[in-house]
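final_2.cif follows; it contains mmCIF, C-alpha atoms.
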```
data_input
#
loop_
_atom_site.group_PDB
_atom_site.id
_atom_site.type_symbol
_atom_site.label_atom_id
_atom_site.label_comp_id
_atom_site.auth_asym_id
_atom_site.auth_seq_id
_atom_site.Cartn_x
_atom_site.Cartn_y
_atom_site.Cartn_z
ATOM 1 C CA MET A 1 11.903 -32.207 -38.002
ATOM 2 C CA SER A 2 9.498 -29.917 -39.845
ATOM 3 C CA THR A 3 9.016 -26.362 -38.633
ATOM 4 C CA PRO A 4 5.618 -25.752 -36.979
ATOM 5 C CA SER A 5 3.426 -23.460 -39.026
ATOM 6 C CA ALA A 6 1.387 -20.533 -37.791
ATOM 7 C CA ALA A 7 -2.350 -20.864 -37.421
ATOM 8 C CA PRO A 8 -4.356 -20.402 -40.645
ATOM 9 C CA GLY A 9 -4.641 -16.701 -41.455
ATOM 10 C CA ALA A 10 -2.083 -15.693 -38.879
ATOM 11 C CA ASP A 11 0.466 -13.167 -40.140
ATOM 12 C CA ARG A 12 3.885 -13.677 -38.597
ATOM 13 C CA ILE A 13 4.700 -9.969 -38.612
ATOM 14 C CA ASP A 14 1.424 -9.330 -36.751
ATOM 15 C CA LEU A 15 2.343 -12.024 -34.242
ATOM 16 C CA LEU A 16 5.712 -10.372 -33.613
ATOM 17 C CA ALA A 17 4.112 -6.918 -33.440
ATOM 18 C CA THR A 18 1.651 -8.194 -30.845
ATOM 19 C CA PHE A 19 4.492 -9.712 -28.833
ATOM 20 C CA VAL A 20 6.360 -6.393 -28.913
ATOM 21 C CA ARG A 21 3.228 -4.595 -27.705
ATOM 22 C CA ILE A 22 2.742 -7.109 -24.862
ATOM 23 C CA VAL A 23 6.311 -6.597 -23.677
ATOM 24 C CA GLU A 24 6.250 -2.811 -23.929
ATOM 25 C CA SER A 25 2.826 -2.345 -22.369
ATOM 26 C CA GLY A 26 3.554 -4.792 -19.538
ATOM 27 C CA SER A 27 0.433 -6.929 -19.771
ATOM 28 C CA LEU A 28 -1.913 -8.730 -22.155
ATOM 29 C CA SER A 29 -4.818 -6.487 -21.219
ATOM 30 C CA ALA A 30 -2.857 -3.274 -21.827
ATOM 31 C CA ALA A 31 -1.643 -4.622 -25.168
ATOM 32 C CA ALA A 32 -5.226 -5.448 -26.132
ATOM 33 C CA VAL A 33 -6.358 -1.890 -25.386
ATOM 34 C CA GLN A 34 -3.524 -0.398 -27.403
ATOM 35 C CA LEU A 35 -4.155 -2.756 -30.340
ATOM 36 C CA GLY A 36 -7.899 -2.193 -30.271
ATOM 37 C CA THR A 37 -8.707 -5.867 -29.736
ATOM 38 C CA THR A 38 -9.547 -8.257 -26.884
ATOM 39 C CA GLN A 39 -7.329 -9.891 -24.297
ATOM 40 C CA PRO A 40 -8.236 -13.432 -25.483
ATOM 41 C CA THR A 41 -7.156 -12.467 -29.011
ATOM 42 C CA VAL A 42 -3.806 -11.171 -27.738
ATOM 43 C CA SER A 43 -3.355 -14.328 -25.656
ATOM 44 C CA ARG A 44 -4.058 -16.536 -28.704
ATOM 45 C CA ARG A 45 -1.498 -14.610 -30.776
ATOM 46 C CA LEU A 46 1.125 -15.096 -28.078
ATOM 47 C CA GLN A 47 0.379 -18.818 -27.868
ATOM 48 C CA THR A 48 0.599 -19.103 -31.673
ATOM 49 C CA LEU A 49 3.994 -17.374 -31.671
ATOM 50 C CA GLU A 50 5.290 -19.656 -28.903
ATOM 51 C CA ARG A 51 4.102 -22.736 -30.831
ATOM 52 C CA LEU A 52 5.712 -21.389 -33.987
ATOM 53 C CA PHE A 53 9.113 -21.131 -32.281
ATOM 54 C CA GLY A 54 8.619 -24.076 -29.953
ATOM 55 C CA LEU A 55 9.673 -21.841 -27.051
ATOM 56 C CA HIS A 56 8.212 -20.288 -23.928
ATOM 57 C CA LEU A 57 8.642 -16.520 -24.312
ATOM 58 C CA ILE A 58 6.846 -15.181 -21.236
ATOM 59 C CA LYS A 59 6.505 -16.404 -17.662
ATOM 60 C CA ARG A 60 3.155 -15.380 -16.220
ATOM 61 C CA SER A 61 1.949 -15.429 -12.636
ATOM 62 C CA THR A 62 -0.996 -13.881 -10.832
ATOM 63 C CA HIS A 63 0.844 -10.618 -10.147
ATOM 64 C CA GLN A 64 3.516 -10.222 -12.786
ATOM 65 C CA MET A 65 4.760 -11.066 -16.225
ATOM 66 C CA THR A 66 8.458 -11.561 -17.059
ATOM 67 C CA LEU A 67 10.347 -12.549 -20.184
ATOM 68 C CA THR A 68 12.202 -15.828 -20.361
ATOM 69 C CA GLU A 69 15.754 -15.759 -21.675
ATOM 70 C CA ASP A 70 14.399 -16.838 -25.052
ATOM 71 C CA GLY A 71 11.732 -14.157 -24.767
ATOM 72 C CA GLU A 72 14.352 -11.449 -24.248
ATOM 73 C CA ARG A 73 16.188 -12.548 -27.388
ATOM 74 C CA CYS A 74 12.942 -12.742 -29.311
ATOM 75 C CA TYR A 75 11.932 -9.249 -28.221
ATOM 76 C CA ALA A 76 15.211 -7.717 -29.394
ATOM 77 C CA HIS A 77 14.836 -9.316 -32.832
ATOM 78 C CA ALA A 78 11.100 -8.591 -33.041
ATOM 79 C CA ARG A 79 11.463 -4.922 -32.133
ATOM 80 C CA ALA A 80 14.020 -4.378 -34.896
ATOM 81 C CA LEU A 81 12.038 -6.403 -37.423
ATOM 82 C CA VAL A 82 8.741 -4.631 -36.741
ATOM 83 C CA ASP A 83 10.375 -1.191 -37.021
ATOM 84 C CA ASP A 84 12.027 -2.159 -40.306
ATOM 85 C CA TRP A 85 8.794 -3.640 -41.662
ATOM 86 C CA ASP A 86 6.875 -0.441 -40.880
ATOM 87 C CA ALA A 87 9.543 1.606 -42.629
ATOM 88 C CA ILE A 88 9.481 -0.707 -45.689
ATOM 89 C CA GLN A 89 5.696 -0.467 -45.985
ATOM 90 C CA ALA A 90 5.718 3.307 -45.681
ATOM 91 C CA ASP A 91 8.477 3.676 -48.286
ATOM 92 C CA LEU A 92 6.999 1.307 -50.876
ATOM 93 C CA ARG A 93 3.500 2.737 -50.517
ATOM 94 C CA GLY A 94 4.796 6.280 -50.796
ATOM 95 C CA ASP A 95 3.366 6.985 -47.350
ATOM 96 C CA VAL A 96 6.562 8.144 -45.712
ATOM 97 C CA ASP A 97 5.524 11.811 -45.735
ATOM 98 C CA VAL A 98 1.758 11.342 -45.413
ATOM 99 C CA PRO A 99 0.689 11.561 -41.741
ATOM 100 C CA ARG A 100 -1.971 8.972 -40.975
ATOM 101 C CA GLY A 101 -3.040 6.684 -38.177
ATOM 102 C CA ARG A 102 -3.634 7.148 -34.459
ATOM 103 C CA LEU A 103 -1.627 9.609 -32.360
ATOM 104 C CA ARG A 104 -1.917 9.545 -28.550
ATOM 105 C CA VAL A 105 -0.933 12.827 -26.887
ATOM 106 C CA VAL A 106 -0.956 13.786 -23.196
ATOM 107 C CA VAL A 107 -1.254 17.468 -22.248
ATOM 108 C CA PRO A 108 -1.733 19.366 -18.943
ATOM 109 C CA HIS A 109 -5.360 19.974 -17.978
ATOM 110 C CA ALA A 110 -5.520 23.768 -18.048
ATOM 111 C CA PHE A 111 -2.920 24.268 -20.760
ATOM 112 C CA GLY A 112 -4.447 21.565 -22.937
ATOM 113 C CA GLN A 113 -7.932 23.054 -22.691
ATOM 114 C CA ALA A 114 -6.869 26.621 -23.351
ATOM 115 C CA GLN A 115 -3.542 27.327 -25.027
ATOM 116 C CA LEU A 116 -3.172 24.073 -26.951
ATOM 117 C CA LEU A 117 -6.718 23.671 -28.209
ATOM 118 C CA GLU A 118 -6.456 25.955 -31.253
ATOM 119 C CA PRO A 119 -3.041 24.593 -32.395
ATOM 120 C CA MET A 120 -4.444 21.071 -32.029
ATOM 121 C CA LEU A 121 -7.525 21.890 -34.147
ATOM 122 C CA GLN A 122 -5.339 23.468 -36.817
ATOM 123 C CA PHE A 123 -3.197 20.321 -36.911
ATOM 124 C CA MET A 124 -6.277 18.118 -37.305
ATOM 125 C CA ALA A 125 -7.606 20.282 -40.141
ATOM 126 C CA ARG A 126 -4.311 19.963 -42.037
ATOM 127 C CA HIS A 127 -4.019 16.196 -41.543
ATOM 128 C CA PRO A 128 -7.424 14.567 -42.104
ATOM 129 C CA GLN A 129 -5.992 11.030 -42.073
ATOM 130 C CA VAL A 130 -4.741 11.343 -38.474
ATOM 131 C CA THR A 131 -6.884 10.208 -35.541
ATOM 132 C CA LEU A 132 -5.925 11.984 -32.316
ATOM 133 C CA GLU A 133 -6.406 10.904 -28.702
ATOM 134 C CA TRP A 134 -6.092 14.149 -26.687
ATOM 135 C CA MET A 135 -5.634 13.187 -23.030
ATOM 136 C CA LEU A 136 -5.618 15.698 -20.172
ATOM 137 C CA GLU A 137 -3.235 14.636 -17.399
ATOM 138 C CA ASP A 138 -1.041 16.692 -15.080
ATOM 139 C CA GLN A 139 1.075 13.823 -13.748
ATOM 140 C CA PRO A 140 3.956 12.146 -15.649
ATOM 141 C CA VAL A 141 2.898 9.140 -17.702
ATOM 142 C CA ASP A 142 4.512 5.845 -18.612
ATOM 143 C CA PHE A 143 4.937 6.265 -22.366
ATOM 144 C CA ILE A 144 5.541 2.583 -23.083
ATOM 145 C CA ALA A 145 2.978 1.001 -20.756
ATOM 146 C CA ASP A 146 0.284 3.529 -21.682
ATOM 147 C CA GLY A 147 1.078 3.546 -25.399
ATOM 148 C CA ILE A 148 1.638 7.329 -25.460
ATOM 149 C CA ASP A 149 3.294 8.832 -28.542
ATOM 150 C CA CYS A 150 4.215 12.176 -27.004
ATOM 151 C CA ALA A 151 3.346 14.666 -24.274
ATOM 152 C CA ILE A 152 3.518 18.414 -23.849
ATOM 153 C CA ARG A 153 5.066 19.510 -20.567
ATOM 154 C CA VAL A 154 5.116 22.895 -18.869
ATOM 155 C CA GLY A 155 8.189 23.199 -16.627
ATOM 156 C CA ARG A 156 11.485 21.371 -16.481
ATOM 157 C CA VAL A 157 11.954 17.985 -18.143
ATOM 158 C CA GLU A 158 14.256 15.831 -16.025
ATOM 159 C CA GLU A 159 13.886 12.306 -17.481
ATOM 160 C CA PRO A 160 17.078 11.549 -19.431
ATOM 161 C CA GLN A 161 15.360 8.833 -21.482
ATOM 162 C CA LEU A 162 13.024 11.360 -23.127
ATOM 163 C CA VAL A 163 13.704 13.520 -26.147
ATOM 164 C CA ALA A 164 12.610 17.090 -25.259
ATOM 165 C CA VAL A 165 11.778 19.497 -28.085
ATOM 166 C CA PRO A 166 11.556 23.149 -26.915
ATOM 167 C CA LEU A 167 8.366 24.855 -28.100
ATOM 168 C CA ALA A 168 7.836 28.149 -26.275
ATOM 169 C CA GLU A 169 7.832 29.844 -22.879
ATOM 170 C CA VAL A 170 5.000 30.873 -20.555
ATOM 171 C CA PRO A 171 5.386 34.371 -19.012
ATOM 172 C CA ARG A 172 4.276 34.573 -15.352
ATOM 173 C CA ILE A 173 3.064 37.609 -13.429
ATOM 174 C CA VAL A 174 1.864 38.464 -9.916
ATOM 175 C CA ILE A 175 -1.849 39.231 -9.578
ATOM 176 C CA ALA A 176 -4.482 39.933 -6.918
ATOM 177 C CA ALA A 177 -8.063 41.166 -6.636
ATOM 178 C CA PRO A 178 -8.372 44.955 -6.083
ATOM 179 C CA SER A 179 -10.194 44.306 -2.805
ATOM 180 C CA LEU A 180 -7.115 42.580 -1.399
ATOM 181 C CA LEU A 181 -4.990 45.724 -1.695
ATOM 182 C CA ALA A 182 -7.203 48.307 0.024
ATOM 183 C CA ALA A 183 -5.224 51.557 -0.285
ATOM 184 C CA ALA A 184 -1.833 49.913 -0.814
ATOM 185 C CA ASP A 185 0.250 50.733 -3.880
ATOM 186 C CA PRO A 186 0.299 47.642 -6.176
ATOM 187 C CA ARG A 187 3.671 48.797 -7.588
ATOM 188 C CA ASP A 188 5.444 48.526 -4.208
ATOM 189 C CA PRO A 189 7.501 45.272 -3.874
ATOM 190 C CA THR A 190 7.584 45.630 -0.070
ATOM 191 C CA LEU A 191 3.836 44.995 -0.099
ATOM 192 C CA LEU A 192 4.212 41.397 -1.226
ATOM 193 C CA PRO A 193 5.364 39.487 1.908
ATOM 194 C CA GLY A 194 2.469 40.834 3.969
ATOM 195 C CA LEU A 195 -0.282 39.683 1.632
ATOM 196 C CA PRO A 196 -2.237 36.427 1.942
ATOM 197 C CA TRP A 197 -1.125 34.060 -0.825
ATOM 198 C CA ILE A 198 -2.312 31.258 -3.083
ATOM 199 C CA ALA A 199 0.511 28.798 -3.823
ATOM 200 C CA LEU A 200 0.573 26.917 -7.099
ATOM 201 C CA THR A 201 2.347 23.877 -5.733
ATOM 202 C CA THR A 202 3.579 22.583 -9.089
ATOM 203 C CA PHE A 203 5.897 25.605 -9.287
ATOM 204 C CA TYR A 204 6.132 27.293 -5.860
ATOM 205 C CA ARG A 205 5.043 26.817 -2.265
ATOM 206 C CA ASP A 206 6.574 29.107 0.350
ATOM 207 C CA ARG A 207 8.764 31.351 -1.801
ATOM 208 C CA PHE A 208 9.226 32.550 -5.345
ATOM 209 C CA THR A 209 11.623 34.762 -7.289
ATOM 210 C CA LEU A 210 10.833 37.804 -9.419
ATOM 211 C CA LEU A 211 13.054 39.213 -12.144
ATOM 212 C CA PRO A 212 13.038 42.922 -13.094
ATOM 213 C CA ALA A 213 12.610 44.052 -16.682
ATOM 214 C CA ASP A 214 15.817 46.104 -16.468
ATOM 215 C CA ASP A 215 17.988 43.018 -15.779
ATOM 216 C CA GLY A 216 18.732 44.193 -12.238
ATOM 217 C CA PRO A 217 19.033 41.888 -9.198
ATOM 218 C CA ALA A 218 16.314 39.317 -8.591
ATOM 219 C CA LEU A 219 13.818 39.674 -5.751
ATOM 220 C CA ARG A 220 13.039 36.674 -3.533
ATOM 221 C CA VAL A 221 9.656 36.750 -1.823
ATOM 222 C CA ASP A 222 8.873 34.484 1.159
ATOM 223 C CA ILE A 223 5.185 33.769 1.698
ATOM 224 C CA GLN A 224 2.817 31.866 3.979
ATOM 225 C CA PRO A 225 0.036 30.657 1.664
ATOM 226 C CA ARG A 226 -3.566 30.317 2.786
ATOM 227 C CA LEU A 227 -4.399 28.027 -0.127
ATOM 228 C CA LEU A 228 -2.160 25.495 -1.847
ATOM 229 C CA THR A 229 -3.341 23.944 -5.112
ATOM 230 C CA ASP A 230 -1.868 22.273 -8.186
ATOM 231 C CA ASN A 231 -4.642 23.527 -10.486
ATOM 232 C CA LEU A 232 -4.357 26.765 -12.454
ATOM 233 C CA PHE A 233 -8.115 27.269 -12.730
ATOM 234 C CA VAL A 234 -8.549 26.892 -8.960
ATOM 235 C CA ALA A 235 -5.748 29.404 -8.310
ATOM 236 C CA ARG A 236 -7.291 31.918 -10.703
ATOM 237 C CA ARG A 237 -10.801 31.565 -9.220
ATOM 238 C CA ALA A 238 -9.494 31.918 -5.671
ATOM 239 C CA ALA A 239 -7.529 35.039 -6.633
ATOM 240 C CA VAL A 240 -10.589 36.624 -8.268
ATOM 241 C CA SER A 241 -12.569 35.969 -5.075
ATOM 242 C CA GLY A 242 -10.013 37.962 -3.079
ATOM 243 C CA LEU A 243 -8.616 35.013 -1.126
ATOM 244 C CA GLY A 244 -5.005 35.899 -1.885
ATOM 245 C CA ALA A 245 -2.390 37.013 -4.374
ATOM 246 C CA ALA A 246 -0.791 34.513 -6.749
ATOM 247 C CA VAL A 247 1.883 34.012 -9.372
ATOM 248 C CA VAL A 248 0.140 32.738 -12.492
ATOM 249 C CA SER A 249 0.647 32.274 -16.209
ATOM 250 C CA ALA A 250 -0.100 35.585 -17.930
ATOM 251 C CA TRP A 251 -2.398 33.937 -20.504
ATOM 252 C CA LEU A 252 -4.709 32.694 -17.758
ATOM 253 C CA VAL A 253 -5.744 36.117 -16.450
ATOM 254 C CA GLY A 254 -5.762 38.373 -19.522
ATOM 255 C CA ASP A 255 -9.545 38.892 -19.459
ATOM 256 C CA ASP A 256 -9.581 39.396 -15.681
ATOM 257 C CA LEU A 257 -6.941 42.120 -15.886
ATOM 258 C CA ARG A 258 -8.722 43.867 -18.756
ATOM 259 C CA ASP A 259 -12.107 43.781 -16.985
ATOM 260 C CA GLY A 260 -10.729 44.871 -13.584
ATOM 261 C CA ARG A 261 -11.388 41.653 -11.665
ATOM 262 C CA LEU A 262 -7.641 41.381 -11.043
ATOM 263 C CA VAL A 263 -4.734 43.809 -11.034
ATOM 264 C CA GLN A 264 -1.101 43.087 -11.760
ATOM 265 C CA LEU A 265 1.188 43.630 -8.803
ATOM 266 C CA VAL A 266 4.696 45.056 -9.209
ATOM 267 C CA PRO A 267 4.465 45.716 -12.968
ATOM 268 C CA GLY A 268 7.906 45.417 -14.510
ATOM 269 C CA TRP A 269 8.679 42.322 -12.419
ATOM 270 C CA GLU A 270 7.913 38.777 -13.550
ATOM 271 C CA ALA A 271 8.582 35.278 -12.278
ATOM 272 C CA PRO A 272 10.994 33.308 -14.480
ATOM 273 C CA PRO A 273 9.058 32.038 -17.521
ATOM 274 C CA LEU A 274 8.156 28.359 -17.674
ATOM 275 C CA PRO A 275 9.573 26.341 -20.572
ATOM 276 C CA VAL A 276 7.184 24.296 -22.702
ATOM 277 C CA HIS A 277 8.523 21.097 -24.275
ATOM 278 C CA LEU A 278 7.131 18.338 -26.401
ATOM 279 C CA VAL A 279 8.599 15.082 -25.103
ATOM 280 C CA TYR A 280 8.665 11.555 -26.470
ATOM 281 C CA PRO A 281 10.713 8.391 -25.887
ATOM 282 C CA ALA A 282 13.649 7.894 -28.219
ATOM 283 C CA ALA A 283 12.923 5.321 -30.936
ATOM 284 C CA ARG A 284 14.521 3.991 -34.083
ATOM 285 C CA GLN A 285 11.588 5.057 -36.275
ATOM 286 C CA MET A 286 9.443 8.190 -35.876
ATOM 287 C CA PRO A 287 6.018 7.964 -37.549
ATOM 288 C CA SER A 288 5.225 10.765 -39.978
ATOM 289 C CA ARG A 289 2.178 11.685 -37.899
ATOM 290 C CA LEU A 290 4.419 12.402 -34.885
ATOM 291 C CA ARG A 291 6.882 14.388 -36.993
ATOM 292 C CA ALA A 292 3.990 16.434 -38.376
ATOM 293 C CA PHE A 293 2.587 17.078 -34.894
ATOM 294 C CA ILE A 294 5.967 18.220 -33.580
ATOM 295 C CA ASP A 295 6.397 20.573 -36.536
ATOM 296 C CA ALA A 296 2.891 21.969 -36.046
ATOM 297 C CA MET A 297 3.446 22.691 -32.350
ATOM 298 C CA LYS A 298 6.846 24.299 -33.011
ATOM 299 C CA ALA A 299 5.323 26.561 -35.642
ATOM 300 C CA SER A 300 2.148 27.619 -33.835
ATOM 301 C CA LEU A 301 2.747 27.645 -30.098
ATOM 302 C CA PRO A 302 5.227 30.562 -29.897
ATOM 303 C CA HIS A 303 2.625 32.735 -31.676
ATOM 304 C CA THR A 304 -0.292 31.707 -29.457
ATOM 305 C CA HIS A 305 -1.709 34.534 -27.332
ATOM 306 C CA GLY A 306 -0.023 34.777 -23.944
ATOM 307 C CA MET A 307 3.063 32.808 -24.986
ATOM 308 C CA SER A 308 6.578 33.892 -25.901
ATOM 309 C CA SER A 309 9.152 32.404 -28.229
ATOM 310 C CA TRP A 310 11.862 30.113 -26.945
ATOM 311 C CA PRO A 311 15.008 32.263 -26.421
ATOM 312 C CA MET A 312 17.542 32.043 -29.216
ATOM 313 C CA PRO A 313 20.929 30.635 -28.151
ATOM 314 C CA SER A 314 23.719 33.139 -27.724
ATOM 315 C CA PRO A 315 26.134 33.309 -30.692
#
```

Can you present the structure in this file as structure tokens?
Amino acid sequence: MSTPSAAPGADRIDLLATFVRIVESGSLSAAAVQLGTTQPTVSRRLQTLERLFGLHLIKRSTHQMTLTEDGERCYAHARALVDDWDAIQADLRGDVDVPRGRLRVVVPHAFGQAQLLEPMLQFMARHPQVTLEWMLEDQPVDFIADGIDCAIRVGRVEEPQLVAVPLAEVPRIVIAAPSLLAAADPRDPTLLPGLPWIALTTFYRDRFTLLPADDGPALRVDIQPRLLTDNLFVARRAAVSGLGAAVVSAWLVGDDLRDGRLVQLVPGWEAPPLPVHLVYPAARQMPSRLRAFIDAMKASLPHTHGMSSWPMPSP
């Protein structure tokens, strides 16, 4: 029996790459978006691949898509083959160290608009062959289904399947509008529990901890917030209006402190700094554009205004 041939003009590596994208994105439509084509085109490529092998690779219903047993075996082979093919092309073309192509990056809204904007622009200037999708999103994303190359996270990273590269730390201080204090001494820690509060729910709700500069015992502060929000810009604006005190990233309020719209409470005490990581799913091959982006963030972010370097490990 002769082996069925692919459709005229169809490239078998492209067919396998499309199949890999369908599986990893979870749907034909998502694969089409990630590949920059249409859903009918993706569907035709899948049908061509199934005819080529004489096998059904995917079972589709109205609500879900699952791999057949043959499809699972095909995916394992295709994933390895596509990765190896990409590496071969890059090596033979001499492209292995030249960042190019599309990079999809997810960053937090406030942090991505402020602290990360200048490092991102510097990266783009150094790598003119890279196209960047800069997406602002505060919630965790599905890297595979959404076709995300990497994300920058502020706070703990708890997903064991992600590689987390430490970048820097975000110092946090306690602030309030001068009108909120009346005649009270802003240096007095006993003042804190009696103030109205703005809770930044991503990091604290009804209590927070402060650490002294002299490495003495920590101070736990219990609060009853008037406003709870997960947005840094909302917390800052509410604090400036005099609604309540708040624990915020130091970079956010530098101008407000300098111009007198806010004052720092209990100077010499800070909330534990927030770690900043670049995270990405583990993979056999890392594109040069992602390696270059990681290196750029590691080099620039610790020196960005309002940030601090990641602590060196103890010898």

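Distance check against Thr68 of chain A using all atoms listed in the file: of A:Leu180, A:Ile13, A:Leu55, A:Val174, the minimum falls on A:Leu55.
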
Output as JSON the centre and edge lengths (Å, one decimal) of the box along x, y and z of the file that holds every listed atom of segment 254-271 of chain A after adding 8 Å on each side.
```
{"center_x": -1.7, "center_y": 40.5, "center_z": -14.2, "size_x": 36.8, "size_y": 26.4, "size_z": 26.7}
```

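One distance worth recording is that between atom CA of Phe143 of chain A and atom CA of Ser249 of chain A, which is 27.1 Å.
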
Test item: residues at most 10 Å from Val157 of chain A, only C-alpha atoms, excluding those fewer than 5 positions along its chain, as an MDAnalysis selection string: chainID A and resid 162:164 275:279

Output of the PyMOL selection byres ((chain A and resi 181) around 10), listed as an MDAnalysis selection string: chainID A and resid 176:180 182:186 191 195 242 244:245 263 265

Can I get the selection written as a CSV table (one decimal), keeping the file's coordinate frame, with C-alpha atoms?
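The result, written out as out.csv:
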```csv
chain,number,residue,atom,x,y,z
A,176,ALA,CA,-4.5,39.9,-6.9
A,177,ALA,CA,-8.1,41.2,-6.6
A,178,PRO,CA,-8.4,45.0,-6.1
A,179,SER,CA,-10.2,44.3,-2.8
A,180,LEU,CA,-7.1,42.6,-1.4
A,182,ALA,CA,-7.2,48.3,0.0
A,183,ALA,CA,-5.2,51.6,-0.3
A,184,ALA,CA,-1.8,49.9,-0.8
A,185,ASP,CA,0.2,50.7,-3.9
A,186,PRO,CA,0.3,47.6,-6.2
A,191,LEU,CA,3.8,45.0,-0.1
A,195,LEU,CA,-0.3,39.7,1.6
A,242,GLY,CA,-10.0,38.0,-3.1
A,244,GLY,CA,-5.0,35.9,-1.9
A,245,ALA,CA,-2.4,37.0,-4.4
A,263,VAL,CA,-4.7,43.8,-11.0
A,265,LEU,CA,1.2,43.6,-8.8
```

Selected residue, from A:Pro99, A:Pro108, A:Pro302, A:Pro287, that lies nearest to Gln129 of chain A when counting only C-alpha atoms: A:Pro99

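The smallest atom-to-atom distance between Gly26 of chain A and any of A:Arg100, A:Arg79, A:His63, A:His303, using only C-alpha atoms, is found for A:His63.
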